[in-house]
Each structure stands twice: as structure tokens, then as C-alpha cells.
Amino acid sequence: LRWVRGVDVMGAADLDRVLPVDPAEVPHRLPAVGESAAHERWREFLDGGLARYGADRDRPDLDGTTRMSVHLKYGSVHPRTLLADVAAHPDRDTEGARRLVTELCWREFYADVLWHDPDSAWSDLRPALVHMDYDDPTTDPVAAERFTAWKEGRTGYPLVDAGMRQLLTEGWVHNRVRMVVASFLVKDLHVWWVHGARHFLEHLVDGDVASNNHGWQWVAGTGTDAAPYFRVFNPVTQGERFDPDGTYVRRHVPELRHLAGKAAHQPWRRGDGHAHGYPSQVVDHAEERREALDRYDRARS
């Protein structure tokens with residue numbers, strides 16, 4: 001509780017205000033829980049998804065992930081059970097099986113890092129960017145307004161907004177989209193990763209401090225084996241690559257359902273792109289990318 005003290009947690013009334021759609025049309029979709037539900041979902045994935053996991057796991061428009069994170073978080077199933085089942089599966093030698101084993105290992109690795117360095121839960125594991133200049137949403141009104149737009153899925157970047165609205169309605173976000181929305185907050189809005197990590201843990205049904213917070217540090221460039229800070233995800237090209245027909249965006253952003261195909265990723269290029277109330281971009285990505293790299297250079301020097 002001390003981790004989220006003083007942070008506004010969005011309620012049902014706020015959710016109805018943020019999502020311009022009949023609540024009955026986009027209900028809160030929570031997963032079934034318990035040991036039986038965990039094993040049922042796992043069998044469903046093994047029967048049809050293991051071999052394709054390597055290719056499908058990055059596609060938010062597809063049901064290509066295991067969806068086992070919530071069950072692993074609460075201990076409804078043990079990771080060794082999953083590893084044993086993969087080792088005995090006919091598709092065990094596929095790229096999908098190898099990638100799944102790697103992802104399970106990363107999860108255990110992050111837990112081990114946190115065990116040995118508890119301070120890394122809420123502070124940078126590596127101090128290389130200790131002098132990074134961030135915009136503080138607790139003291140800067142502009143940063144606060146942009147942070148709120150990010151939390152509510154109103155940034156004007158469809159893939160980012162789809163991910164943040166999925167978080168509000170499902171308590172879960174696709175793994176590829178988690179990286180994109182995290183990069184947008186840290187490198188387009190210049191907000192310290194801790195603010196985003198706290199927001200995720202307030203809403204994620206699979207919110208795990210070790211995986212969540214070290215994943216955020218991977219994006220921010222301050223964690224273990226971190227992505228270089230100068231790797232800035234472009235939310236448009238990420239959307240066009242991993243949601244090629246715009247299905248994921250239209251699923252979570254109803255204001256863009258009138259746009260077919262890839263047009264959903266760049267509504268500003270269509271005369272009717274904002275006809276149903278979709279917001280304009282809160283920042284210019286190209287400009288903020290340059291700003292992020294300038295701040296990075298200053299912090300390193």
C-alpha cells in the first residue's frame with residue numbers, strides 16, 4: 001500500500017468518462033482464476049499456440065500469447081509445470097517453444113534480481129542515467145496533463161491509446177504494446193519510469209513488481225541488459241508492423257472504427273480521421289525523440 005499512497009486510482013465513473021462508448025459494449029474483461037482455470041488455459045495454448053508462439057507473440061491483434069502471467073503471479077500454476085509440459089510436447093523443438101522457455105527464464109531472472117537488490121523495485125538498477133532530466137507530473141502542470149492523457153488513452157497515438165484502454169478494461173496489456181506505451185511515457189513525454197510502473201501495478205491483474213518494474217527499466221535503459229536509451233519506439237511504425245490491419249486499435253479505440261486497415265494508425269492523414277472525437281496528438285513524436293536523445297547526451301556527459 002505504501003507504494004501507491006497518494007496516487008489517484010481510476011474508478012468506474014472515471015472509466016465511463018474516458019471511454020466514449022457504451023460500457024456494455026466494452027465491459028471489464030477479467031480472466032477466470034484458480035488452478036483449474038490455469039490448467040485449462042494452458043492446455044488450450046498448448047493445443048494450438050505453442051508452435052506459433054514465436055511469430056504470434058508480438059501481434060496484439062491475435063490471441064498469440066499464453067495469457068498465463070496472471071496464473072503465475074498468484075501461484076495457480078508453477079513455472080516448472082509449464083517447462084515440463086513444453087519439454088514433453090511434440091512441438092518442443094520449434095522456435096515458439098524455445099522462445100517461451102526464454103520468456104519464463106526472464107521472469108525468474110527478474111525475481112532473482114529483485115531478491116538480491118530490493119532497492120531496484122523503485123530506483124534505477126544502474127546509475128548511468130542518474131542525471132537524466134525528467135518532467136515531473138507531480139509538480140509540472142504540462143507534464144501532469146500529458147501524464148493523465150497517457151493514463152486515460154488520449155495521447156492521439158492509436159497504438160498507445162489502445163494499449164492504455166486495454167489496461168483499463170481488461171487489467172492486462174499485450175507484451176509488445178507494454179513496451180510501446182512505456183517508451184512513449186519515458187521518451188516522448190519524458191516522465192520517469194517509476195510513475196508508469198506504479199500506474200501499471202494499480203491496474204494489472206498480473207502485476208508483478210519484479211517483472212513489471214524491471215521491464216520498465218529495460219525500456220528506460222537503466223535495468224539489467226537494458227535496451228539502449230537511444231532506442232525510441234515509434235508508435236506509428238510499431239502499430240503498422242505488429243497490428244497490420246488495425247484490428248487491435250479498432251477493438252479498443254471505438255472513435256477509429258470507421259477507418260479501415262492501416263489508416264487506423266494515422267487518423268490525422270484522413271479528412272474524417274477525427275470525426276468521432278478522437279483526440280489530436282499531445283506531442284510530436286519526431287520532436288520528442290530528438291529531445292529525448294538530447295537529454296540522454298546531457299545526462300551521459
# chains A, B, ... in the order shown; residues from 1 in each chain; ligands from 1
call {"tool": "residues_around", "arguments": {"residues": "stretch 263-277 of chain A", "least_positions_apart": "3", "cutoff": "9 Å", "atoms": "only C-alpha atoms", "output": "compact mmCIF listing (two decimals) with N, CA and C atoms, in the first residue's frame"}}
result
# COMPACT_ATOMS: atom_id res chain seq x y z
N PRO A 20 -15.34 6.69 -24.64
CA PRO A 20 -16.57 7.20 -25.24
C PRO A 20 -17.37 6.10 -25.92
N GLY A 156 -3.51 10.61 -28.64
CA GLY A 156 -3.58 10.88 -30.07
C GLY A 156 -2.74 9.92 -30.90
N TYR A 157 -2.09 8.96 -30.25
CA TYR A 157 -1.35 7.91 -30.94
C TYR A 157 -2.11 6.60 -30.75
N PRO A 158 -2.73 6.08 -31.81
CA PRO A 158 -3.68 4.98 -31.67
C PRO A 158 -3.17 3.74 -30.94
N LEU A 159 -1.95 3.27 -31.26
CA LEU A 159 -1.47 2.06 -30.60
C LEU A 159 -1.26 2.30 -29.11
N PRO A 235 5.54 4.85 -32.23
CA PRO A 235 4.23 4.22 -32.03
C PRO A 235 3.47 3.97 -33.33
N VAL A 236 3.76 4.74 -34.37
CA VAL A 236 3.07 4.53 -35.64
C VAL A 236 3.63 3.31 -36.37
N THR A 237 4.94 3.27 -36.54
CA THR A 237 5.54 2.14 -37.25
C THR A 237 5.37 0.84 -36.47
N GLY A 239 2.78 0.12 -34.66
CA GLY A 239 1.41 -0.28 -34.93
C GLY A 239 1.25 -0.90 -36.31
N GLU A 240 1.83 -0.27 -37.31
CA GLU A 240 1.70 -0.78 -38.67
C GLU A 240 2.39 -2.13 -38.85
N ASP A 243 0.31 -4.62 -35.81
CA ASP A 243 -1.15 -4.62 -35.93
C ASP A 243 -1.47 -4.20 -37.36
N ASP A 245 -3.44 -4.68 -39.82
CA ASP A 245 -4.75 -4.30 -40.35
C ASP A 245 -5.50 -3.35 -39.43
N GLY A 246 -4.86 -2.94 -38.34
CA GLY A 246 -5.51 -2.01 -37.40
C GLY A 246 -6.57 -2.65 -36.52
N THR A 247 -6.62 -3.97 -36.50
CA THR A 247 -7.67 -4.67 -35.75
C THR A 247 -7.60 -4.37 -34.26
N VAL A 249 -6.26 -1.78 -32.72
CA VAL A 249 -6.62 -0.39 -32.45
C VAL A 249 -8.13 -0.22 -32.49
N ARG A 250 -8.77 -0.73 -33.52
CA ARG A 250 -10.23 -0.55 -33.61
C ARG A 250 -10.96 -1.27 -32.48
N PRO A 254 -12.87 2.96 -30.04
CA PRO A 254 -14.07 2.99 -30.89
C PRO A 254 -14.16 4.20 -31.80
N GLU A 255 -13.51 5.31 -31.42
CA GLU A 255 -13.57 6.51 -32.27
C GLU A 255 -12.90 6.30 -33.62
N LEU A 256 -12.13 5.21 -33.76
CA LEU A 256 -11.40 4.97 -35.01
C LEU A 256 -11.94 3.76 -35.78
N ARG A 257 -13.09 3.26 -35.38
CA ARG A 257 -13.62 2.07 -36.04
C ARG A 257 -14.10 2.33 -37.46
N HIS A 258 -14.22 3.59 -37.82
CA HIS A 258 -14.65 3.91 -39.19
C HIS A 258 -13.48 3.90 -40.17
N LEU A 259 -12.26 3.75 -39.65
CA LEU A 259 -11.07 3.75 -40.50
C LEU A 259 -10.64 2.32 -40.77
N ALA A 260 -10.53 1.96 -42.03
CA ALA A 260 -10.19 0.60 -42.41
C ALA A 260 -8.69 0.40 -42.49
N SER A 280 -6.35 14.86 -30.83
CA SER A 280 -5.13 15.16 -31.57
C SER A 280 -3.92 14.72 -30.76
N GLN A 281 -2.78 14.63 -31.40
CA GLN A 281 -1.56 14.19 -30.73
C GLN A 281 -1.12 15.19 -29.67
call {"tool": "select_by_dssp", "arguments": {"residues": "stretch 104-234 of chain A", "states": "helix (DSSP H, G or I)", "output": "number ranges by chain"}}
result
A: 104-116, 118-121, 127-129, 141-152, 158-170, 175-188, 193-203, 209-220
call {"tool": "closest_residue", "arguments": {"among": "A:Arg165, A:Arg57, A:His71, A:His131", "to": "A:Glu103", "atoms": "only C-alpha atoms"}}
result
A:Arg57
call {"tool": "closest_residue", "arguments": {"among": "A:Trp115, A:Trp42, A:Phe242, A:Tyr278", "to": "A:Asp58", "atoms": "only C-alpha atoms"}}
result
A:Phe242
call {"tool": "closest_residue", "arguments": {"among": "A:His174, A:His116, A:Arg59, A:Arg52", "to": "A:Ala97", "atoms": "only C-alpha atoms"}}
result
A:Arg52
call {"tool": "residues_around", "arguments": {"residues": "A:Arg295", "least_positions_apart": "2", "cutoff": "12 Å", "atoms": "only C-alpha atoms", "output": "list in words"}}
result
Leu129, Val130, His131, Met132, Asp133, Tyr134, Asp135, Val186, Lys187, Asp188, His190, Tyr229, Phe230, Glu288, Arg289, Arg290, Glu291, Ala292, Leu293, Asp297, Arg298, Ala299, Arg300 and Ser301 of chain A
call {"tool": "residues_around", "arguments": {"residues": "stretch 124-127 of chain A", "least_positions_apart": "6", "cutoff": "12 Å", "atoms": "only C-alpha atoms", "output": "list in words"}}
result
Tyr110, Val113, Leu114, His116, Asp117, Pro118, Trp192, Trp193, Val194, Ala210, Asn213, His214, Gly215, Trp216, Gln217, Trp218, Val219, Ala220, Gly221, Thr222, Gly223, Thr224, Asp225, Ala226, Ala299 and Arg300 of chain A
call {"tool": "closest_residue", "arguments": {"among": "A:Leu185, A:Leu72, A:Val77, A:Ala88", "to": "A:Ser36", "atoms": "only C-alpha atoms"}}
result
A:Val77
call {"tool": "atom_distance", "arguments": {"atom1": "atom CA of A:Gly171", "atom2": "atom CA of A:Asp63"}}
result
15.9 Å
call {"tool": "closest_residue", "arguments": {"among": "A:Gly54, A:Gly49, A:Gly34, A:Pro60", "to": "A:Ala162", "atoms": "only C-alpha atoms"}}
result
A:Pro60
call {"tool": "residues_around", "arguments": {"residues": "A:Lys73", "least_positions_apart": "5", "cutoff": "12 Å", "atoms": "only C-alpha atoms", "output": "JSON, numbers by chain"}}
result
{"A": [33, 34, 38, 67, 68, 78, 79, 107, 108, 111, 204, 205, 206, 207, 208, 209, 210, 211, 212]}
call {"tool": "write_last_selection", "arguments": {"atoms": "N, CA, C and O atoms", "output": "tab-separated table (two decimals), in the first residue's frame"}}
result
chain	number	residue	atom	x	y	z
A	33	VAL	N	-9.99	-17.44	-12.74
A	33	VAL	CA	-8.86	-17.64	-11.83
A	33	VAL	C	-8.95	-18.99	-11.16
A	33	VAL	O	-9.99	-19.66	-11.19
A	34	GLY	N	-7.87	-19.38	-10.51
A	34	GLY	CA	-7.82	-20.65	-9.80
A	34	GLY	C	-7.02	-21.69	-10.57
A	34	GLY	O	-6.69	-21.53	-11.75
A	38	ALA	N	-6.29	-22.11	-14.63
A	38	ALA	CA	-4.91	-22.02	-15.12
A	38	ALA	C	-4.57	-23.19	-16.02
A	38	ALA	O	-4.02	-23.02	-17.12
A	67	ARG	N	-1.17	-15.99	-22.02
A	67	ARG	CA	-2.13	-15.46	-21.03
A	67	ARG	C	-1.98	-16.16	-19.67
A	67	ARG	O	-2.93	-16.24	-18.89
A	68	MET	N	-0.77	-16.67	-19.40
A	68	MET	CA	-0.55	-17.38	-18.15
A	68	MET	C	0.03	-16.48	-17.06
A	68	MET	O	0.24	-16.92	-15.92
A	78	HIS	N	2.78	-23.65	-11.37
A	78	HIS	CA	4.21	-23.41	-11.15
A	78	HIS	C	4.93	-23.36	-12.50
A	78	HIS	O	4.59	-24.12	-13.41
A	79	PRO	N	5.91	-22.46	-12.64
A	79	PRO	CA	6.63	-22.40	-13.92
A	79	PRO	C	7.30	-23.72	-14.28
A	79	PRO	O	7.46	-24.03	-15.47
A	107	ARG	N	11.40	-14.21	-16.53
A	107	ARG	CA	10.55	-13.93	-15.37
A	107	ARG	C	11.26	-14.33	-14.08
A	107	ARG	O	11.27	-13.56	-13.10
A	108	GLU	N	11.85	-15.50	-14.07
A	108	GLU	CA	12.54	-15.96	-12.87
A	108	GLU	C	13.80	-15.12	-12.62
A	108	GLU	O	14.17	-14.86	-11.46
A	111	ALA	N	12.89	-11.92	-10.87
A	111	ALA	CA	12.60	-12.19	-9.45
A	111	ALA	C	13.89	-12.33	-8.66
A	111	ALA	O	13.99	-11.86	-7.52
A	204	LEU	N	-3.00	-3.74	-13.37
A	204	LEU	CA	-2.71	-5.05	-13.96
A	204	LEU	C	-3.15	-6.19	-13.05
A	204	LEU	O	-2.79	-6.24	-11.88
A	205	VAL	N	-3.90	-7.13	-13.61
A	205	VAL	CA	-4.24	-8.32	-12.83
A	205	VAL	C	-3.03	-9.24	-12.69
A	205	VAL	O	-3.00	-10.09	-11.79
A	206	ASP	N	-2.05	-9.08	-13.58
A	206	ASP	CA	-0.83	-9.89	-13.48
A	206	ASP	C	0.33	-9.05	-12.97
A	206	ASP	O	1.50	-9.42	-13.16
A	207	GLY	N	0.03	-7.93	-12.32
A	207	GLY	CA	1.07	-7.02	-11.87
A	207	GLY	C	2.03	-7.67	-10.89
A	207	GLY	O	1.66	-8.00	-9.77
A	208	ASP	N	3.26	-7.84	-11.31
A	208	ASP	CA	4.31	-8.44	-10.51
A	208	ASP	C	5.44	-7.43	-10.40
A	208	ASP	O	5.94	-6.95	-11.42
A	209	VAL	N	5.83	-7.07	-9.18
A	209	VAL	CA	6.79	-6.00	-9.01
A	209	VAL	C	8.09	-6.27	-9.75
A	209	VAL	O	8.64	-5.39	-10.43
A	210	ALA	N	8.60	-7.48	-9.65
A	210	ALA	CA	9.88	-7.79	-10.28
A	210	ALA	C	9.80	-7.67	-11.79
A	210	ALA	O	10.59	-6.95	-12.42
A	211	SER	N	8.86	-8.35	-12.41
A	211	SER	CA	8.75	-8.33	-13.87
A	211	SER	C	8.32	-6.96	-14.37
A	211	SER	O	8.85	-6.45	-15.37
A	212	ASN	N	7.35	-6.36	-13.70
A	212	ASN	CA	6.83	-5.07	-14.15
A	212	ASN	C	7.90	-3.98	-14.06
A	212	ASN	O	8.22	-3.31	-15.04
call {"tool": "atom_distance", "arguments": {"atom1": "atom CA of A:Gly96", "atom2": "atom CA of A:Gln238"}}
result
21.2 Å
call {"tool": "atom_distance", "arguments": {"atom1": "atom CA of A:Ala149", "atom2": "atom CA of A:Asn234"}}
result
17.9 Å
call {"tool": "closest_residue", "arguments": {"among": "A:Gly75, A:Ala197, A:His39, A:Tyr53", "to": "A:Ala121", "atoms": "only C-alpha atoms"}}
result
A:Ala197
